[in-house]
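Text of upload-v2.cif, listed as mmCIF, C-alpha atoms:
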data_run
#
loop_
_atom_site.label_atom_id
_atom_site.label_comp_id
_atom_site.auth_asym_id
_atom_site.auth_seq_id
_atom_site.Cartn_x
_atom_site.Cartn_y
_atom_site.Cartn_z
CA MET A 1 -20.39 -28.00 67.51
CA SER A 2 -20.27 -30.66 64.80
CA ALA A 3 -17.06 -32.50 64.00
CA VAL A 4 -16.59 -31.36 60.39
CA PRO A 5 -16.11 -27.64 61.07
CA LEU A 6 -13.91 -28.52 64.05
CA VAL A 7 -11.64 -30.65 61.90
CA TYR A 8 -11.61 -27.99 59.20
CA CYS A 9 -10.63 -25.28 61.67
CA SER A 10 -7.93 -27.47 63.19
CA VAL A 11 -6.36 -28.19 59.82
CA LEU A 12 -6.51 -24.53 58.87
CA ALA A 13 -4.90 -23.47 62.13
CA LEU A 14 -2.10 -25.99 61.80
CA THR A 15 -1.46 -24.85 58.25
CA VAL A 16 -1.21 -21.23 59.30
CA VAL A 17 1.17 -22.11 62.12
CA ALA A 18 3.37 -24.16 59.81
CA CYS A 19 3.53 -21.39 57.23
CA VAL A 20 4.30 -18.73 59.78
CA THR A 21 7.02 -20.63 61.64
CA ALA A 22 8.89 -22.08 58.64
CA SER A 23 11.64 -19.72 57.66
CA SER A 24 12.52 -19.29 54.02
CA ASP A 25 16.14 -18.97 55.13
CA SER A 26 16.25 -22.40 56.80
CA ARG A 27 19.38 -24.30 55.97
CA VAL A 28 20.85 -27.64 56.95
CA VAL A 29 24.54 -27.13 57.44
CA GLU A 30 26.23 -30.38 56.62
CA THR A 31 29.57 -31.43 58.02
CA VAL A 32 31.37 -33.02 55.11
CA PRO A 33 34.63 -34.85 54.61
CA ASP A 34 37.53 -32.97 53.12
CA ARG A 35 37.31 -32.30 49.38
CA ALA A 36 41.03 -31.62 49.01
CA SER A 37 41.97 -35.16 49.98
CA PHE A 38 39.16 -36.83 48.08
CA GLU A 39 40.86 -37.51 44.77
CA PRO A 40 42.64 -40.79 45.67
CA VAL A 41 39.32 -42.04 47.05
CA SER A 42 37.51 -40.92 43.92
CA ASP A 43 40.01 -42.77 41.73
CA LEU A 44 39.29 -45.93 43.68
CA LEU A 45 35.54 -45.43 43.41
CA ASP A 46 35.88 -44.74 39.68
CA HIS A 47 37.78 -47.97 39.17
CA ARG A 48 35.77 -50.29 41.39
CA CYS A 49 32.30 -48.77 41.33
CA GLY A 50 32.11 -46.33 38.46
CA THR A 51 31.87 -48.62 35.46
CA LEU A 52 29.30 -47.64 32.89
CA ASP A 53 27.04 -50.52 33.87
CA CYS A 54 27.11 -49.62 37.57
CA HIS A 55 27.54 -46.19 39.12
CA GLY A 56 28.94 -44.62 35.99
CA VAL A 57 25.47 -43.50 34.96
CA SER A 58 23.81 -40.17 35.54
CA TYR A 59 20.46 -41.52 36.71
CA ARG A 60 21.76 -43.11 39.89
CA ASN A 61 21.71 -41.41 43.27
CA LEU A 62 25.40 -42.19 43.62
CA ARG A 63 26.95 -40.94 40.39
CA ILE A 64 30.63 -41.55 39.93
CA TYR A 65 32.46 -39.62 37.24
CA GLY A 66 35.95 -40.37 36.07
CA ARG A 67 38.23 -41.41 33.25
CA GLU A 68 37.28 -45.09 33.45
CA GLY A 69 33.55 -44.53 33.15
CA LEU A 70 31.15 -41.64 33.08
CA ARG A 71 32.69 -38.43 31.81
CA PHE A 72 31.52 -34.95 32.58
CA ALA A 73 32.45 -32.93 29.51
CA PRO A 74 30.48 -33.57 26.28
CA ASP A 75 33.67 -34.12 24.30
CA ALA A 76 35.30 -36.50 26.80
CA ARG A 77 35.52 -40.26 26.43
CA PRO A 78 36.24 -43.08 28.86
CA SER A 79 39.95 -43.73 28.72
CA SER A 80 42.61 -45.99 30.12
CA ARG A 81 45.09 -43.12 29.96
CA THR A 82 45.73 -41.06 33.05
CA GLU A 83 47.47 -37.99 31.64
CA ALA A 84 45.64 -34.82 30.69
CA PRO A 85 43.36 -34.41 28.86
CA PHE A 86 42.35 -38.05 29.22
CA GLY A 87 42.56 -38.39 32.99
CA THR A 88 39.86 -37.59 35.49
CA THR A 89 39.26 -33.84 35.57
CA VAL A 90 38.73 -31.53 38.52
CA ALA A 91 35.12 -31.07 37.46
CA GLU A 92 34.62 -34.84 37.55
CA TYR A 93 36.19 -35.12 41.00
CA ASP A 94 33.90 -32.29 42.14
CA ALA A 95 30.80 -33.96 40.69
CA THR A 96 31.59 -37.31 42.31
CA TYR A 97 32.29 -35.59 45.62
CA GLN A 98 29.00 -33.68 45.49
CA SER A 99 27.08 -36.83 44.65
CA LEU A 100 28.67 -38.78 47.49
CA VAL A 101 28.32 -36.21 50.26
CA SER A 102 24.76 -35.40 49.22
CA LEU A 103 23.48 -38.96 49.48
CA GLU A 104 22.72 -38.92 53.20
CA PRO A 105 23.61 -35.48 54.54
CA GLU A 106 22.48 -36.09 58.11
CA ALA A 107 24.27 -39.42 58.42
CA MET A 108 27.36 -38.01 56.73
CA SER A 109 27.40 -35.09 59.15
CA ALA A 110 27.12 -37.44 62.10
CA VAL A 111 29.92 -39.71 60.91
CA VAL A 112 32.31 -36.90 59.99
CA SER A 113 31.65 -34.77 63.06
CA GLU A 114 32.42 -37.83 65.20
CA GLY A 115 35.77 -38.33 63.55
CA GLY A 116 34.63 -41.02 61.15
CA ALA A 117 33.22 -43.25 63.87
CA SER A 118 30.78 -45.96 62.86
CA PRO A 119 30.97 -45.32 59.12
CA GLU A 120 28.54 -48.18 58.59
CA ARG A 121 25.87 -45.60 59.33
CA LEU A 122 26.36 -44.59 55.71
CA THR A 123 24.52 -46.72 53.16
CA PHE A 124 27.28 -46.54 50.58
CA VAL A 125 29.73 -48.02 53.12
CA ARG A 126 27.35 -50.85 54.00
CA LYS A 127 26.60 -51.63 50.37
CA ALA A 128 30.25 -51.68 49.39
CA ARG A 129 30.95 -54.04 52.29
CA GLY A 130 28.14 -56.32 51.14
CA VAL A 131 26.17 -56.10 54.37
CA GLU A 132 23.22 -54.40 52.71
CA GLU A 133 21.31 -55.44 49.61
CA HIS A 134 23.29 -54.19 46.64
CA LYS A 135 22.96 -55.06 42.96
CA GLY A 136 26.72 -55.01 42.73
CA LEU A 137 26.98 -57.35 45.73
CA GLY A 138 29.85 -56.79 48.15
CA ILE A 139 32.72 -54.95 46.54
CA TRP A 140 35.10 -55.27 49.45
CA LYS A 141 35.08 -56.41 53.04
CA GLU A 142 35.46 -54.30 56.16
CA GLY A 143 39.15 -53.83 56.77
CA ASP A 144 40.20 -54.38 53.15
CA PRO A 145 42.50 -51.70 51.71
CA GLU A 146 39.58 -50.30 49.75
CA ASP A 147 37.46 -50.01 52.86
CA ILE A 148 40.28 -48.37 54.81
CA CYS A 149 40.85 -45.91 51.96
CA VAL A 150 37.24 -44.76 52.17
CA THR A 151 36.97 -44.76 55.95
CA SER A 152 40.28 -42.95 56.37
CA TRP A 153 38.88 -40.17 54.23
CA LEU A 154 35.79 -40.05 56.42
CA ARG A 155 38.09 -39.74 59.44
CA GLY A 156 39.81 -36.79 57.84
CA ARG A 157 43.15 -38.57 57.28
CA THR A 158 43.05 -40.11 53.83
CA ASP A 159 45.54 -42.96 53.54
CA VAL A 160 46.74 -42.07 50.06
CA ALA A 161 49.24 -44.93 49.84
CA LEU A 162 46.59 -47.48 50.73
CA CYS A 163 44.16 -45.96 48.23
CA LYS A 164 46.76 -46.37 45.50
CA GLN A 165 47.49 -49.91 46.66
CA ALA A 166 43.79 -50.72 46.55
CA LEU A 167 43.68 -49.53 42.94
CA GLU A 168 46.12 -52.25 41.96
CA ARG A 169 44.10 -55.11 43.47
CA MET B 1 -10.54 -78.87 28.01
CA ARG B 2 -10.80 -77.24 31.39
CA SER B 3 -7.30 -78.42 32.37
CA LEU B 4 -5.96 -77.01 29.11
CA ALA B 5 -7.51 -73.66 29.90
CA ILE B 6 -5.98 -73.73 33.37
CA VAL B 7 -2.56 -74.00 31.76
CA LEU B 8 -3.06 -71.74 28.77
CA VAL B 9 -4.74 -68.79 30.45
CA PRO B 10 -1.91 -68.07 32.92
CA LEU B 11 0.63 -68.52 30.14
CA ALA B 12 -1.20 -66.08 27.93
CA LEU B 13 -1.48 -63.64 30.81
CA ALA B 14 2.22 -63.91 31.56
CA ALA B 15 3.05 -63.30 27.91
CA ALA B 16 0.80 -60.26 27.83
CA LEU B 17 2.32 -58.85 30.99
CA GLY B 18 5.81 -59.54 29.74
CA ALA B 19 5.06 -57.58 26.62
CA CYS B 20 3.77 -54.63 28.59
CA ASP B 21 7.05 -53.08 29.73
CA PRO B 22 7.07 -49.88 27.68
CA VAL B 23 10.57 -48.87 28.75
CA HIS B 24 12.01 -52.17 27.66
CA SER B 25 9.93 -52.19 24.48
CA ASP B 26 11.10 -48.71 23.58
CA SER B 27 14.73 -49.64 24.14
CA VAL B 28 14.35 -52.67 21.86
CA ASP B 29 12.56 -50.64 19.19
CA ALA B 30 15.38 -48.10 19.32
CA LEU B 31 17.75 -50.77 18.02
CA GLY B 32 15.93 -50.70 14.70
CA GLY B 33 15.14 -53.56 12.35
CA GLU B 34 17.28 -56.35 10.98
CA ALA B 35 19.90 -55.47 8.41
CA PRO B 36 18.80 -56.34 4.85
CA GLY B 37 19.93 -59.77 3.84
CA VAL B 38 20.90 -60.85 7.36
CA ARG B 39 18.48 -63.20 8.98
CA LYS B 40 18.00 -63.53 12.70
CA GLY B 41 20.73 -65.69 14.05
CA PRO B 42 24.37 -65.74 15.17
CA LEU B 43 25.48 -63.22 12.56
CA HIS B 44 22.84 -60.58 13.10
CA ARG B 45 23.03 -57.19 14.71
CA PRO B 46 26.78 -56.94 15.35
CA GLY B 47 27.63 -54.20 17.81
CA GLN B 48 24.21 -54.09 19.40
CA PRO B 49 23.54 -54.86 23.08
CA CYS B 50 22.67 -58.54 22.77
CA LEU B 51 21.10 -58.98 26.18
CA ARG B 52 18.58 -56.23 25.48
CA CYS B 53 16.54 -58.91 23.67
CA HIS B 54 18.28 -62.09 24.77
CA ASP B 55 17.27 -61.51 28.37
CA GLY B 56 15.39 -64.72 29.10
CA ASP B 57 12.00 -63.07 29.40
CA PHE B 58 8.97 -65.05 28.29
CA GLY B 59 8.53 -64.82 24.54
CA ASP B 60 11.98 -63.32 23.95
CA PRO B 61 14.81 -65.04 22.05
CA PRO B 62 17.11 -67.46 23.88
CA GLU B 63 18.80 -66.02 26.92
CA PHE B 64 22.45 -65.07 26.85
CA SER B 65 24.60 -64.46 29.89
CA VAL B 66 27.53 -62.75 28.18
CA ALA B 67 27.54 -61.59 24.56
CA GLY B 68 29.01 -58.96 22.32
CA THR B 69 30.91 -58.09 19.17
CA ILE B 70 34.58 -57.47 18.55
CA PHE B 71 35.70 -55.30 15.63
CA GLU B 72 39.13 -54.80 14.09
CA SER B 73 39.19 -51.04 13.99
CA GLN B 74 38.17 -48.05 16.04
CA THR B 75 36.95 -46.21 12.97
CA GLU B 76 35.43 -48.97 10.86
CA LEU B 77 33.10 -51.83 11.62
CA ARG B 78 35.18 -54.70 10.23
CA PRO B 79 34.51 -57.79 12.34
CA ALA B 80 37.38 -59.39 14.21
CA VAL B 81 36.74 -62.97 13.14
CA GLY B 82 38.07 -65.77 15.29
CA ALA B 83 39.12 -63.51 18.14
CA THR B 84 39.28 -65.04 21.58
CA VAL B 85 37.40 -63.35 24.39
CA HIS B 86 38.90 -64.50 27.66
CA LEU B 87 36.65 -64.00 30.67
CA THR B 88 37.80 -64.25 34.28
CA MET B 89 35.12 -64.35 36.89
CA HIS B 90 35.31 -62.91 40.36
CA ASP B 91 35.38 -66.44 41.76
CA GLY B 92 38.38 -67.34 39.63
CA ARG B 93 36.62 -69.32 36.92
CA THR B 94 37.68 -68.58 33.39
CA PHE B 95 36.00 -69.07 30.06
CA ASP B 96 37.05 -68.49 26.48
CA ALA B 97 34.64 -67.55 23.72
CA THR B 98 35.45 -67.18 20.03
CA THR B 99 33.93 -64.65 17.70
CA ASN B 100 32.16 -65.74 14.55
CA GLU B 101 32.12 -64.31 11.02
CA ALA B 102 30.24 -61.22 12.21
CA GLY B 103 32.59 -60.68 15.15
CA ASN B 104 29.82 -61.85 17.50
CA PHE B 105 30.21 -64.14 20.44
CA TYR B 106 27.50 -65.26 22.83
CA LEU B 107 27.22 -67.53 25.83
CA THR B 108 24.11 -69.03 27.34
CA PRO B 109 23.58 -69.39 31.09
CA SER B 110 24.12 -73.12 30.78
CA GLU B 111 27.57 -72.43 29.33
CA LEU B 112 28.48 -69.69 31.74
CA THR B 113 26.75 -67.84 34.54
CA PRO B 114 29.31 -65.23 35.47
CA THR B 115 30.11 -63.87 38.89
CA TYR B 116 30.93 -60.22 38.81
CA PRO B 117 33.06 -58.21 38.62
CA MET B 118 34.42 -59.94 35.55
CA LYS B 119 37.70 -59.25 33.80
CA VAL B 120 37.97 -59.40 30.03
CA GLU B 121 40.89 -59.89 27.68
CA VAL B 122 40.65 -60.08 23.91
CA GLN B 123 43.15 -61.75 21.64
CA ALA B 124 43.07 -61.36 17.89
CA ARG B 125 43.21 -64.58 15.87
CA GLY B 126 46.77 -65.66 15.52
CA ALA B 127 48.11 -62.94 17.82
CA ARG B 128 50.50 -63.90 20.56
CA THR B 129 49.32 -61.37 23.09
CA SER B 130 45.96 -60.25 24.34
CA VAL B 131 44.62 -56.85 25.28
CA LYS B 132 43.15 -56.44 28.72
CA MET B 133 40.09 -54.35 29.38
CA SER B 134 41.27 -51.68 31.80
CA THR B 135 38.13 -51.79 33.91
CA THR B 136 36.02 -54.74 34.96
CA VAL B 137 32.52 -55.63 33.89
CA GLY B 138 30.43 -54.59 36.85
CA ARG B 139 27.23 -56.57 36.56
CA TYR B 140 25.94 -56.76 33.01
CA GLY B 141 27.15 -59.17 30.37
CA ALA B 142 26.31 -57.24 27.21
CA CYS B 143 29.42 -55.53 25.90
CA ALA B 144 27.53 -53.01 23.81
CA GLU B 145 25.50 -51.75 26.72
CA CYS B 146 28.62 -49.75 27.61
CA HIS B 147 30.57 -50.02 24.36
CA SER B 148 28.12 -48.38 21.99
CA ASP B 149 28.63 -45.99 19.11
CA PRO B 150 29.22 -43.16 18.94
CA ALA B 151 31.80 -42.93 21.70
CA GLY B 152 31.08 -40.17 24.14
CA PRO B 153 30.82 -39.27 27.81
CA THR B 154 28.67 -42.34 28.48
CA SER B 155 30.19 -44.82 26.07
CA ALA B 156 33.60 -46.19 25.31
CA GLY B 157 32.74 -46.83 21.67
CA HIS B 158 32.60 -50.27 20.11
CA VAL B 159 35.04 -52.94 21.21
CA PHE B 160 37.93 -53.37 18.81
CA ILE B 161 41.24 -55.13 18.65
CA PRO B 162 43.65 -54.61 15.77
CA ALA B 163 44.37 -57.70 13.75
CA ASP B 164 47.97 -57.66 14.89
CA GLY B 165 46.78 -57.80 18.47
CA ARG B 166 48.62 -54.68 19.54
CA THR B 167 47.11 -52.53 22.23
CA PRO B 168 44.66 -50.11 20.60
#

Encoded form using structure tokens:
Amino acid sequence: MSAVPLVYCSVLALTVVACVTASSDSRVVETVPDRASFEPVSDLLDHRCGTLDCHGVSYRNLRIYGREGLRFAPDARPSSRTEAPFGTTVAEYDATYQSLVSLEPEAMSAVVSEGGASPERLTFVRKARGVEEHKGLGIWKEGDPEDICVTSWLRGRTDVALCKQALER
Amino acid sequence: MRSLAIVLVPLALAAALGACDPVHSDSVDALGGEAPGVRKGPLHRPGQPCLRCHDGDFGDPPEFSVAGTIFESQTELRPAVGATVHLTMHDGRTFDATTNEAGNFYLTPSELTPTYPMKVEVQARGARTSVKMSTTVGRYGACAECHSDPAGPTSAGHVFIPADGRTP
């Protein structure tokens, strides 16, 4: 038997097998950090990372929304004021959260399901620490209050006081 | 003649390639033409993102590292003449720039190559206090890249400082 029909049949068979075995209901269930305790972390990210010339833009993989940069509602504006209606909205916290946990779902699941161990497995942690190529260079070092704010959230015990302290730096 | 060609051909090629970025070209075209009666120079195009053109690319106008325009009002485009723009770099260096008759200020890389994030304060001429920008400049030295008009979800609106220097 010549090679061409053999290759053709092999490819066809593999295609059929792939189509039959792939379920349309397949889901990846991600283990994610807590949304309820995310807001102090989001405020820090908004302030340090979410400027309009950095991650406060909608075309980036990591999109950070908040009062100091990219707003969600069409009638909102960046603002230095924290009170409603100027402050970061729930929808903006949600959008930032979704963007962050969706970046690397498998790595995020691994880190969170292991209690926040080895957070450097996440690219956004490495880039913020400056240990991976990042246009914004290193934003903070491992162990800085900002870093602990983020990693405490990944561990499931957000250090709210430290997050607020980091905002003032 | 041959040595001249060796120099000129690569230069011409580089110029051609530099002109072939359609995204950049479109963004420059979107700024529109010069205002009538204002020639190209320090007073032109107030409020526009200076580094869009002054980016140092081959064939483009002189490169700026930090540049922008300060106005006196949120609602009108009156230039804040003689305002001081105080820049503090991430490495602690500081630099003061002064706005001209159009409210423009601009710095070349030889004057200042900033390290980011950069903090900004603006002081109106004659005012005793300055107004601090509440966020930092992340990585791009053109004020109007973020502070464009109209203000909206992706823009803080043009930079302004009242003549009395009070916080806007």

Which is closest to chain A among B:Ala124, B:Val66, B:Met133, B:Leu8, if we use all atoms listed in the file?
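Going through B:Ala124, B:Val66, B:Met133, B:Leu8 one by one, the smallest distance to chain A is for B:Met133.
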
Just how far from atom CA of A:Gly136 is atom CA of A:Cys49, in Å to one decimal?
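Taking atom CA of A:Cys49 as the start and atom CA of A:Gly136 as the end point, the length is 8.5 Å.
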
Closest-contact table, chain B side, partner chain A, 10 Å, counting only C-alpha atoms, as a tab-separated table:
residue	atom	partner	partner_atom	distance
B:Thr115	CA	A:Leu137	CA	10.0
B:Tyr116	CA	A:Gly136	CA	7.8
B:Pro117	CA	A:Gly136	CA	8.2
B:Met133	CA	A:Ser80	CA	8.8
B:Ser134	CA	A:Ser80	CA	6.1
B:Thr135	CA	A:His47	CA	6.5
B:Thr136	CA	A:Thr51	CA	7.4
B:Val137	CA	A:Thr51	CA	7.2
B:Gly138	CA	A:Cys54	CA	6.0
B:Arg139	CA	A:Gly136	CA	6.4
B:Tyr140	CA	A:Asp53	CA	6.4
B:Gly141	CA	A:Asp53	CA	9.3
B:Ala142	CA	A:Asp53	CA	9.5
B:Cys143	CA	A:Asp53	CA	9.7
B:Glu145	CA	A:Asp53	CA	7.4
B:Cys146	CA	A:Leu52	CA	5.7
B:His147	CA	A:Leu52	CA	8.9
B:Ala151	CA	A:Arg77	CA	6.6
B:Gly152	CA	A:Arg77	CA	5.0
B:Pro153	CA	A:Arg71	CA	4.5
B:Thr154	CA	A:Leu70	CA	5.3
B:Ser155	CA	A:Pro78	CA	6.9
B:Ala156	CA	A:Pro78	CA	5.4
B:Gly157	CA	A:Arg77	CA	8.6

Quick one: which residues end up in the PyMOL selection byres ((chain B and resi 94-110) around 8) for this structure, as a VMD selection string?
chain B and resid 42 to 44 46 to 47 62 to 71 79 to 89 92 to 93 111 to 113

Interatomic distance between atom CA of A:Leu44 and atom CA of A:Ser113?
23.6 Å

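Closest approach to A:Asn61 among A:Glu120, A:Asp94, A:Asp144, A:Glu104 is made by A:Glu104 (distances from all atoms listed in the file).
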
Need the shell around A:Thr158: protein/DNA/RNA residues with any atom at most 9 Å away, counting all atoms listed in the file. Skip same-chain ones fewer than 5 positions apart. Format as a list of chain:residue names?
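Returned residues: A:Ser37, A:Phe38, A:Pro40, A:Val41, A:Ile148, A:Cys149, A:Val150, A:Thr151, A:Ser152, A:Trp153, A:Cys163.
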
Grab the atom CA of A:Arg126 to atom CA of A:Gly143 distance for me, in Å with one decimal place.
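That distance, rounded to one decimal, is 12.5 Å.
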
Please evaluate the PyMOL selection byres ((chain A and resi 107) around 10) against the displayed coordinates and give the resulting residues as a PyMOL selection string.
chain A and resi 30-31+101+103-106+108-113+119-123

Edge lengths and centre in Å, axis-aligned, stretch 137-141 of chain B plus 6 Å each side, as lines of an AutoDock Vina configuration file:
center_x = 29.2
center_y = -56.9
center_z = 33.6
size_x = 18.6
size_y = 16.6
size_z = 18.5

When you count only C-alpha atoms, which of these residues is closest to B:Arg45: B:Lys119, B:Ala144, B:Arg125, B:Ala5?
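Counting only C-alpha atoms, the residue closest to B:Arg45 is B:Ala144.
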
I need the residue nearest B:Ser25 from this list: B:Arg78, B:Arg39, B:Lys132, B:Arg52. Use only C-alpha atoms for the distance.
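Nearest candidate to B:Ser25 out of B:Arg78, B:Arg39, B:Lys132, B:Arg52: B:Arg52.
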
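The nearest approach to A:Val32 among the residues A:Ala84, A:Val125, A:Val131, A:Leu154, with only C-alpha atoms taken into account, belongs to A:Leu154.
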
Residue with the minimum atom-to-atom distance to B:Val28, picked from B:Cys53, B:Ile6, B:Arg128, B:Pro114 with all atoms listed in the file counted, is B:Cys53
